[in-house]
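Here is structure_10.tsv, consisting of TSV, C-alpha atoms and all ligand atoms:
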chain	number	residue	atom	x	y	z
L	46	MET	CA	-223.84	83.81	-70.58
L	47	ASN	CA	-226.43	82.97	-67.94
L	48	ALA	CA	-226.70	85.19	-64.87
L	49	LEU	CA	-225.44	83.18	-61.92
L	50	PRO	CA	-226.02	83.66	-58.22
L	51	ALA	CA	-223.19	84.88	-55.98
L	52	PRO	CA	-221.36	81.96	-54.32
L	53	GLU	CA	-222.43	83.13	-50.87
L	54	SER	CA	-226.05	83.09	-51.99
L	55	LEU	CA	-225.86	79.73	-53.71
L	56	THR	CA	-227.44	77.38	-51.25
L	57	SER	CA	-227.44	73.75	-52.16
L	58	PRO	CA	-227.99	70.79	-49.90
L	59	HIS	CA	-224.86	69.27	-51.47
L	60	VAL	CA	-222.41	72.08	-50.76
L	61	PRO	CA	-221.25	72.19	-47.12
L	62	GLU	CA	-221.71	75.44	-45.17
L	63	THR	CA	-218.51	77.42	-44.56
L	64	VAL	CA	-217.73	80.64	-42.72
L	65	GLY	CA	-216.23	83.64	-44.59
L	66	PRO	CA	-215.80	84.44	-48.26
L	67	VAL	CA	-215.73	81.60	-50.75
L	68	ASP	CA	-213.82	81.61	-54.06
L	69	VAL	CA	-214.90	78.36	-55.70
L	70	ILE	CA	-218.17	76.51	-55.43
L	71	ILE	CA	-218.55	73.11	-57.01
L	72	ASP	CA	-222.15	71.94	-56.78
L	73	GLN	CA	-222.93	68.41	-57.89
L	74	ALA	CA	-220.53	68.77	-60.81
L	75	GLY	CA	-219.95	65.47	-62.59
L	76	LYS	CA	-218.41	64.70	-65.96
L	77	THR	CA	-219.03	61.99	-68.52
L	78	PHE	CA	-217.06	62.20	-71.76
L	79	GLN	CA	-218.73	60.91	-74.91
L	80	THR	CA	-216.13	58.97	-76.89
L	81	ALA	CA	-216.16	56.80	-80.01
L	82	ARG	CA	-216.02	53.77	-77.68
L	83	GLY	CA	-218.96	54.98	-75.61
L	84	PRO	CA	-219.36	57.22	-72.56
L	85	VAL	CA	-216.46	57.55	-70.10
L	86	ARG	CA	-217.54	58.52	-66.59
L	87	ALA	CA	-214.64	60.66	-65.39
L	88	LEU	CA	-216.32	62.11	-62.30
L	89	ASP	CA	-219.36	61.32	-60.20
L	90	PRO	CA	-221.19	64.52	-59.21
L	91	ILE	CA	-219.05	66.15	-56.54
L	92	SER	CA	-219.57	69.17	-54.27
L	93	LEU	CA	-216.92	71.32	-52.64
L	94	LYS	CA	-216.40	74.87	-51.40
L	95	ILE	CA	-212.98	76.51	-51.48
L	96	PRO	CA	-212.58	79.47	-49.12
L	97	ARG	CA	-210.79	82.63	-50.23
L	98	GLY	CA	-207.03	82.42	-49.69
L	99	ALA	CA	-207.04	78.66	-49.08
L	100	PHE	CA	-204.44	76.25	-50.36
L	101	VAL	CA	-206.15	73.02	-51.38
L	102	ALA	CA	-204.39	69.92	-52.72
L	103	LEU	CA	-206.14	67.24	-54.78
L	104	ILE	CA	-204.61	63.79	-54.64
L	105	GLY	CA	-205.78	60.50	-56.05
L	106	PRO	CA	-204.82	57.65	-58.37
L	107	SER	CA	-204.32	58.18	-62.07
L	108	GLY	CA	-207.65	58.61	-63.87
L	109	CYS	CA	-209.71	59.66	-60.80
L	110	GLY	CA	-210.64	62.94	-62.48
L	111	LYS	CA	-208.29	65.45	-60.82
L	112	SER	CA	-207.40	67.21	-64.07
L	113	THR	CA	-211.01	67.07	-65.22
L	114	LEU	CA	-212.07	68.83	-62.03
L	115	LEU	CA	-209.38	71.48	-62.47
L	116	ARG	CA	-210.39	71.97	-66.10
L	117	MET	CA	-214.02	72.48	-65.03
L	118	ILE	CA	-212.89	75.14	-62.54
L	119	ALA	CA	-210.91	76.76	-65.38
L	120	GLY	CA	-213.98	76.70	-67.62
L	121	LEU	CA	-212.18	74.46	-70.10
L	122	GLU	CA	-214.71	71.65	-69.56
L	123	GLN	CA	-218.40	71.97	-68.73
L	124	PRO	CA	-219.96	69.86	-65.96
L	125	ASP	CA	-222.76	67.51	-66.95
L	126	GLU	CA	-226.36	68.64	-66.79
L	127	GLY	CA	-227.42	69.39	-63.22
L	128	GLY	CA	-223.95	70.42	-62.03
L	129	ALA	CA	-222.50	73.90	-61.59
L	130	VAL	CA	-219.13	75.52	-60.91
L	131	LEU	CA	-218.80	79.14	-59.82
L	132	VAL	CA	-215.59	81.06	-59.30
L	133	ARG	CA	-216.00	84.31	-57.35
L	134	SER	CA	-219.66	84.50	-58.38
L	135	LYS	CA	-218.81	84.08	-62.04
L	136	HIS	CA	-218.98	81.44	-64.68
L	137	PRO	CA	-215.43	79.94	-64.79
L	138	GLU	CA	-214.91	80.75	-68.46
L	139	GLN	CA	-215.78	84.40	-67.88
L	140	PHE	CA	-213.49	84.49	-64.84
L	141	ARG	CA	-210.60	83.03	-66.88
L	142	LYS	CA	-211.15	85.41	-69.80
L	143	GLU	CA	-210.97	88.36	-67.41
L	144	GLY	CA	-207.44	87.25	-66.44
L	145	GLU	CA	-208.48	86.41	-62.88
L	146	LEU	CA	-207.32	82.82	-63.17
L	147	GLY	CA	-203.69	81.67	-63.18
L	148	ILE	CA	-203.02	78.25	-64.67
L	149	ALA	CA	-199.83	76.15	-64.71
L	150	PHE	CA	-199.93	72.57	-65.91
L	151	GLN	CA	-197.33	69.79	-65.86
L	152	ASP	CA	-196.16	70.61	-69.36
L	153	PRO	CA	-194.88	74.19	-69.07
L	154	ALA	CA	-195.87	74.72	-72.75
L	155	LEU	CA	-193.55	77.68	-73.27
L	156	LEU	CA	-193.25	79.29	-76.68
L	157	PRO	CA	-189.75	78.15	-77.76
L	158	TRP	CA	-188.98	81.22	-79.88
L	159	ARG	CA	-189.81	83.69	-77.11
L	160	SER	CA	-187.49	84.71	-74.29
L	161	VAL	CA	-188.25	83.98	-70.63
L	162	ALA	CA	-189.50	87.55	-70.16
L	163	ASP	CA	-191.72	87.36	-73.26
L	164	ASN	CA	-193.14	83.99	-72.18
L	165	VAL	CA	-193.96	85.35	-68.72
L	166	ALA	CA	-195.64	88.38	-70.33
L	167	PHE	CA	-197.62	86.28	-72.84
L	168	PRO	CA	-200.96	86.15	-70.90
L	169	LEU	CA	-200.94	89.97	-70.78
L	170	GLN	CA	-200.76	90.05	-74.56
L	171	ILE	CA	-203.60	87.52	-74.84
L	172	LEU	CA	-205.74	89.77	-72.65
L	173	GLY	CA	-204.77	92.81	-74.71
L	174	ARG	CA	-203.04	94.52	-71.78
L	175	PRO	CA	-200.06	96.79	-72.52
L	176	VAL	CA	-196.96	94.67	-71.81
L	177	LYS	CA	-194.71	97.74	-71.48
L	178	ARG	CA	-196.73	99.04	-68.55
L	179	HIS	CA	-196.31	95.67	-66.79
L	180	GLN	CA	-192.57	95.29	-67.32
L	181	ALA	CA	-191.82	95.80	-63.62
L	182	THR	CA	-194.33	93.04	-62.74
L	183	VAL	CA	-192.73	90.66	-65.25
L	184	GLN	CA	-189.28	91.41	-63.83
L	185	SER	CA	-190.38	90.98	-60.21
L	186	LEU	CA	-192.02	87.61	-61.01
L	187	ILE	CA	-188.87	86.40	-62.77
L	188	GLU	CA	-186.96	87.32	-59.62
L	189	LEU	CA	-189.61	85.74	-57.39
L	190	VAL	CA	-189.11	82.36	-59.08
L	191	GLY	CA	-185.31	82.73	-58.91
L	192	LEU	CA	-184.59	83.34	-62.60
L	193	LYS	CA	-182.96	86.77	-62.41
L	194	GLY	CA	-180.34	86.98	-65.15
L	195	TYR	CA	-182.26	84.61	-67.46
L	196	GLU	CA	-184.75	87.18	-68.74
L	197	GLN	CA	-183.52	86.95	-72.34
L	198	ALA	CA	-182.79	83.19	-72.35
L	199	LEU	CA	-184.86	80.97	-74.65
L	200	PRO	CA	-186.74	77.96	-73.17
L	201	GLY	CA	-184.38	75.56	-74.99
L	202	GLN	CA	-181.49	76.99	-72.97
L	203	LEU	CA	-183.16	76.21	-69.61
L	204	SER	CA	-183.37	73.08	-67.45
L	205	GLY	CA	-186.75	71.38	-66.87
L	206	GLY	CA	-187.02	72.95	-63.41
L	207	MET	CA	-186.27	76.40	-64.77
L	208	ARG	CA	-188.96	75.98	-67.43
L	209	GLN	CA	-191.46	75.00	-64.73
L	210	ARG	CA	-190.57	78.14	-62.82
L	211	VAL	CA	-191.14	80.25	-65.93
L	212	ALA	CA	-194.61	78.64	-66.20
L	213	ILE	CA	-195.35	79.53	-62.56
L	214	ALA	CA	-194.23	83.14	-63.09
L	215	ARG	CA	-196.42	83.26	-66.22
L	216	SER	CA	-199.43	81.94	-64.25
L	217	LEU	CA	-199.06	84.85	-61.80
L	218	VAL	CA	-198.48	87.70	-64.27
L	219	THR	CA	-202.11	88.82	-64.47
L	220	ASP	CA	-202.22	88.93	-60.66
L	221	PRO	CA	-204.88	86.21	-60.54
L	222	SER	CA	-207.10	85.76	-57.52
L	223	VAL	CA	-207.32	82.00	-58.09
L	224	LEU	CA	-204.39	79.79	-59.11
L	225	LEU	CA	-204.77	76.28	-60.60
L	226	LEU	CA	-201.66	74.11	-60.62
L	227	ASP	CA	-201.81	70.67	-62.24
L	228	GLU	CA	-198.71	68.71	-61.22
L	229	PRO	CA	-196.44	71.63	-61.97
L	230	PHE	CA	-193.45	69.86	-60.40
L	231	GLY	CA	-194.25	66.35	-61.65
L	232	ALA	CA	-191.18	66.14	-63.87
L	233	LEU	CA	-188.70	67.38	-61.28
L	234	ASP	CA	-186.32	65.37	-59.11
L	235	GLN	CA	-187.03	65.16	-55.39
L	236	ILE	CA	-184.50	67.79	-54.30
L	237	LEU	CA	-185.63	70.39	-56.81
L	238	ARG	CA	-189.26	69.53	-56.12
L	239	ARG	CA	-188.87	70.24	-52.41
L	240	ALA	CA	-187.07	73.49	-53.14
L	241	MET	CA	-189.97	74.44	-55.42
L	242	ASN	CA	-192.48	73.49	-52.69
L	243	VAL	CA	-190.78	75.90	-50.29
L	244	GLU	CA	-190.73	78.53	-53.04
L	245	LEU	CA	-194.42	78.03	-53.84
L	246	GLN	CA	-195.36	78.35	-50.17
L	247	ARG	CA	-193.45	81.65	-50.07
L	248	ILE	CA	-195.21	82.94	-53.19
L	249	TRP	CA	-198.62	81.85	-51.88
L	250	ALA	CA	-197.99	83.47	-48.48
L	251	ALA	CA	-196.88	86.71	-50.14
L	252	ARG	CA	-199.88	86.94	-52.46
L	253	GLN	CA	-202.64	85.07	-50.60
L	254	THR	CA	-203.88	83.65	-53.90
L	255	THR	CA	-206.49	80.92	-53.51
L	256	THR	CA	-204.61	77.89	-54.83
L	257	LEU	CA	-205.64	74.43	-56.03
L	258	LEU	CA	-202.80	72.00	-56.58
L	259	VAL	CA	-203.17	68.62	-58.25
L	260	THR	CA	-200.34	66.34	-57.21
L	261	HIS	CA	-199.31	62.70	-56.93
L	262	GLY	CA	-196.91	63.67	-54.13
L	263	ILE	CA	-198.46	63.01	-50.72
L	264	ASP	CA	-195.58	64.82	-49.01
L	265	GLU	CA	-196.00	67.78	-51.38
L	266	ALA	CA	-199.73	67.95	-50.57
L	267	VAL	CA	-199.16	67.81	-46.81
L	268	PHE	CA	-196.33	70.35	-46.89
L	269	LEU	CA	-198.28	72.91	-48.92
L	270	ALA	CA	-201.99	72.56	-48.29
L	271	ASP	CA	-204.47	73.63	-45.61
L	272	THR	CA	-206.83	70.96	-46.89
L	273	VAL	CA	-206.15	67.78	-48.83
L	274	VAL	CA	-208.99	66.38	-50.93
L	275	VAL	CA	-208.47	62.64	-51.39
L	276	MET	CA	-210.09	61.20	-54.51
L	277	HIS	CA	-210.79	57.63	-55.54
L	278	ALA	CA	-211.25	56.31	-59.08
L	279	LYS	CA	-213.79	54.26	-61.05
L	280	PRO	CA	-215.75	56.44	-60.91
L	281	GLY	CA	-213.83	59.54	-59.85
L	282	ARG	CA	-215.17	60.85	-56.52
L	283	ILE	CA	-214.16	62.57	-53.30
L	284	ALA	CA	-213.26	59.92	-50.72
L	285	GLU	CA	-212.18	62.16	-47.84
L	286	ILE	CA	-211.23	65.74	-46.98
L	287	ILE	CA	-208.35	66.05	-44.53
L	288	THR	CA	-207.28	69.22	-42.72
L	289	VAL	CA	-203.53	69.79	-42.37
L	290	PRO	CA	-202.80	71.20	-38.91
L	291	PHE	CA	-199.19	72.39	-39.29
L	292	ALA	CA	-198.48	76.06	-38.54
L	293	ARG	CA	-197.07	78.38	-41.20
L	294	PRO	CA	-194.58	79.19	-42.44
L	295	ARG	CA	-193.64	75.55	-42.82
L	296	LEU	CA	-189.92	74.96	-42.86
L	297	PRO	CA	-188.13	72.26	-44.89
L	298	SER	CA	-187.40	70.48	-41.56
L	299	LEU	CA	-191.13	69.64	-41.46
L	300	PHE	CA	-190.51	67.01	-44.16
L	301	SER	CA	-188.60	64.89	-41.64
L	302	SER	CA	-190.82	65.38	-38.56
L	303	PRO	CA	-192.71	62.39	-37.06
L	304	ASP	CA	-196.05	64.28	-37.16
L	305	PHE	CA	-195.54	64.97	-40.86
L	306	HIS	CA	-194.85	61.29	-41.55
L	307	ALA	CA	-197.86	60.24	-39.48
L	308	LEU	CA	-200.15	62.46	-41.57
L	309	CYS	CA	-198.59	61.19	-44.82
L	310	ASP	CA	-199.26	57.61	-43.63
L	311	ARG	CA	-202.83	58.55	-42.80
L	312	LEU	CA	-203.28	59.99	-46.31
L	313	THR	CA	-201.75	56.90	-47.89
L	314	GLU	CA	-204.33	54.77	-46.07
L	315	SER	CA	-207.13	57.05	-47.23
L	316	LEU	CA	-205.85	56.87	-50.81
L	317	HIS	CA	-205.83	53.09	-50.76
L	318	GLY	CA	-209.34	52.88	-49.32
L	319	GLU	CA	-210.56	50.66	-46.53
L	320	ASP	CA	-210.40	47.57	-48.71
L	321	GLY	CA	-207.04	48.49	-50.18
L	322	SER	CA	-208.58	48.45	-53.63
L	323	GLN	CA	-207.36	51.82	-54.89
C	1	LIG	N1	-211.28	64.66	-73.27
C	1	LIG	C1	-211.52	63.42	-72.79
C	1	LIG	N2	-212.20	62.52	-73.51
C	1	LIG	C2	-212.47	61.29	-73.05
C	1	LIG	N3	-212.07	60.85	-71.83
C	1	LIG	C3	-211.38	61.70	-71.06
C	1	LIG	C4	-211.06	63.02	-71.49
C	1	LIG	N4	-210.36	63.64	-70.51
C	1	LIG	C5	-210.25	62.74	-69.51
C	1	LIG	N5	-210.86	61.58	-69.83
C	1	LIG	C6	-210.99	60.39	-68.99
C	1	LIG	O1	-211.50	60.80	-67.75
C	1	LIG	C7	-210.88	60.11	-66.68
C	1	LIG	C8	-210.26	61.10	-65.71
C	1	LIG	O2	-209.15	61.72	-66.37
C	1	LIG	P1	-208.28	62.85	-65.65
C	1	LIG	O3	-207.22	63.27	-66.61
C	1	LIG	O4	-209.15	63.89	-65.10
C	1	LIG	O5	-207.63	62.02	-64.44
C	1	LIG	P2	-206.44	62.41	-63.45
C	1	LIG	O6	-206.89	62.02	-62.10
C	1	LIG	O7	-206.04	63.82	-63.67
C	1	LIG	O8	-205.30	61.43	-63.97
C	1	LIG	P3	-203.68	61.58	-63.91
C	1	LIG	O9	-203.32	61.57	-62.47
C	1	LIG	O10	-203.21	60.35	-64.64
C	1	LIG	O11	-203.33	62.87	-64.61
C	1	LIG	C9	-209.91	59.13	-67.31
C	1	LIG	O12	-210.54	57.88	-67.44
C	1	LIG	C10	-209.65	59.74	-68.68
C	1	LIG	O13	-209.34	58.73	-69.62

Rewrite the structure of this file - the entire thing - as structure tokens.
Amino acid sequence: MNALPAPESLTSPHVPETVGPVDVIIDQAGKTFQTARGPVRALDPISLKIPRGAFVALIGPSGCGKSTLLRMIAGLEQPDEGGAVLVRSKHPEQFRKEGELGIAFQDPALLPWRSVADNVAFPLQILGRPVKRHQATVQSLIELVGLKGYEQALPGQLSGGMRQRVAIARSLVTDPSVLLLDEPFGALDQILRRAMNVELQRIWAARQTTTLLVTHGIDEAVFLADTVVVMHAKPGRIAEIITVPFARPRLPSLFSSPDFHALCDRLTESLHGEDGSQ
């Protein structure tokens, strides 16, 4: 693995200056997939810095490259030549393999034959860490996501929302410093989704984990994030970065406030683009 410069020392004309520690640096990272039907340009080269402890939401139309970007930060895809991604000074793949990265995607992908507790503990096993020594952590995460009493249940005995919560507990079990969430609540109904938004804010506030959330929910993005990155498609690119001004902790009543709706309207406009073509 190549030696890489520390994020703070990586100076690129493309990456905006920020104050304080930085967890993720994306420097001119683009992605073109080579397919049997020819190249597919998923992402134009994009640059972004994510400060430590930030909550950033990525929104954009289907196919604008949100998941591709998240997968590059996870080290599951490599940027094209000329682009770079660094997570806490490290190559993303190295960072993930050290258990520093928590990942929860839309499909909870639980192992059906393992109990809730064993699914939550699974990343520890992958990393070769002694599960017994982390039993208290597993239990406290199960409680954190509201599944106390379901420790020995199998995934098939849980609702969709409960399975999502198991996936979130699992993403936190290694005590990651960076959390990547790709539409983790996409399959949930509105009521459960909002309850999970409040829950996620609580978890984030308690742990101060730098979090990137991909979502199609404008209200979800505004409720949870400090910064919303709006993306456009064809090719995938950053259209605008919007700061969310609401104080924390944000209460569920925020969802019905006029200021909240005004910001959601503003984001909807940004998503659709000036010419309404998105
Ligand atoms: N492994 C791959 N091989 C070829 N093309 C891919 C691959 N992964 C993604 N793409 C293409 O890259 C583009 C961006 O896909 P991506 O999944 O990142 O979008 P997205 O914004 O997350 O979409 P959605 O909101 O629908 O999940 C799409 O055109 C997709 O077809």

Sorted by chain and rising residue number, which residues of chain L lie within 7 Å of ligand LIG 1 (chain C), and what are their closest atom pairs and distances in Å to one decimal, counting all atoms listed in the file, as a Markdown table?
| residue | atom | partner | partner_atom | distance |
| --- | --- | --- | --- | --- |
| L:Phe78 | CA | C:LIG1 | C2 | 4.9 |
| L:Gln79 | CA | C:LIG1 | C2 | 6.5 |
| L:Thr80 | CA | C:LIG1 | C2 | 5.8 |
| L:Val85 | CA | C:LIG1 | N3 | 5.8 |
| L:Arg86 | CA | C:LIG1 | O1 | 6.6 |
| L:Ala87 | CA | C:LIG1 | O1 | 3.9 |
| L:Gly105 | CA | C:LIG1 | O6 | 6.3 |
| L:Pro106 | CA | C:LIG1 | O9 | 5.9 |
| L:Ser107 | CA | C:LIG1 | O10 | 3.5 |
| L:Gly108 | CA | C:LIG1 | O5 | 3.5 |
| L:Cys109 | CA | C:LIG1 | O6 | 3.9 |
| L:Gly110 | CA | C:LIG1 | O4 | 3.2 |
| L:Lys111 | CA | C:LIG1 | O6 | 3.9 |
| L:Ser112 | CA | C:LIG1 | O7 | 3.7 |
| L:Thr113 | CA | C:LIG1 | O4 | 3.7 |
| L:Leu114 | CA | C:LIG1 | O4 | 6.5 |
| L:His261 | CA | C:LIG1 | O9 | 6.9 |

**Study point:** Contact residues around region 280-293 of chain L with all atoms listed in the file at 7 Å, ignoring same-chain residues under 5 positions, as JSON, numbers by chain
**Key:** {"L": [86, 87, 88, 89, 91, 109, 110, 267, 270, 271, 272, 273, 274, 275]}

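Taking only C-alpha atoms into account, Pro137 (chain L) lies nearest to L:Ile70 out of the set L:Ile70, L:Leu308, L:Leu156, L:Leu103.
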
Exercise for review: Identify which of the residues L:Leu203, L:Ile104, L:Leu189, L:Cys309 lies closest to Met241 (chain L), counting only C-alpha atoms when measuring atom-to-atom distances.
Suggested key: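 So, comparing all the options, the nearest one is L:Leu189.
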
Exercise for review: Work out how far CA of Val223 (chain L) is from CA of Leu146 (chain L), in Å to one decimal.
Suggested key: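 Atom-to-atom, CA of Leu146 (chain L) and CA of Val223 (chain L) are spaced 5.1 Å apart.
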
Point to revise | Atomic distance CA of Val69 (chain L) - CA of Gln151 (chain L), expressed in Å with one decimal | key: 22.0 Å

Because the input lacks atoms here, generate N, CA and C atoms for region 64-76 of chain L and report them as an mmCIF file, in the frame of the given file.
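Saved result, out_37.cif, follows:
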data_model
loop_
_atom_site.group_PDB
_atom_site.id
_atom_site.type_symbol
_atom_site.label_atom_id
_atom_site.label_comp_id
_atom_site.auth_asym_id
_atom_site.auth_seq_id
_atom_site.Cartn_x
_atom_site.Cartn_y
_atom_site.Cartn_z
ATOM 1 N N VAL L 64 -217.699 79.276 -43.241
ATOM 2 C CA VAL L 64 -217.730 80.640 -42.720
ATOM 3 C C VAL L 64 -216.768 81.478 -43.563
ATOM 4 N N GLY L 65 -217.121 82.732 -43.865
ATOM 5 C CA GLY L 65 -216.230 83.640 -44.590
ATOM 6 C C GLY L 65 -216.390 83.530 -46.089
ATOM 7 N N PRO L 66 -215.649 84.411 -46.801
ATOM 8 C CA PRO L 66 -215.800 84.440 -48.260
ATOM 9 C C PRO L 66 -215.347 83.143 -48.922
ATOM 10 N N VAL L 67 -216.006 82.832 -50.018
ATOM 11 C CA VAL L 67 -215.730 81.600 -50.750
ATOM 12 C C VAL L 67 -215.297 81.968 -52.165
ATOM 13 N N ASP L 68 -214.258 81.306 -52.689
ATOM 14 C CA ASP L 68 -213.820 81.610 -54.060
ATOM 15 C C ASP L 68 -214.364 80.637 -55.090
ATOM 16 N N VAL L 69 -214.450 79.361 -54.713
ATOM 17 C CA VAL L 69 -214.900 78.360 -55.700
ATOM 18 C C VAL L 69 -216.014 77.531 -55.086
ATOM 19 N N ILE L 70 -217.091 77.397 -55.847
ATOM 20 C CA ILE L 70 -218.170 76.510 -55.430
ATOM 21 C C ILE L 70 -218.365 75.452 -56.515
ATOM 22 N N ILE L 71 -218.299 74.209 -56.092
ATOM 23 C CA ILE L 71 -218.550 73.110 -57.010
ATOM 24 C C ILE L 71 -219.791 72.414 -56.476
ATOM 25 N N ASP L 72 -220.864 72.455 -57.262
ATOM 26 C CA ASP L 72 -222.150 71.940 -56.780
ATOM 27 C C ASP L 72 -222.607 70.802 -57.681
ATOM 28 N N GLN L 73 -222.483 69.600 -57.175
ATOM 29 C CA GLN L 73 -222.930 68.410 -57.890
ATOM 30 C C GLN L 73 -222.394 68.373 -59.325
ATOM 31 N N ALA L 74 -221.121 68.734 -59.468
ATOM 32 C CA ALA L 74 -220.530 68.770 -60.810
ATOM 33 C C ALA L 74 -219.923 67.412 -61.135
ATOM 34 N N GLY L 75 -220.485 66.738 -62.104
ATOM 35 C CA GLY L 75 -219.950 65.470 -62.590
ATOM 36 C C GLY L 75 -219.540 65.626 -64.043
ATOM 37 N N LYS L 76 -218.829 64.607 -64.556
ATOM 38 C CA LYS L 76 -218.410 64.700 -65.960
ATOM 39 C C LYS L 76 -218.358 63.322 -66.618
#
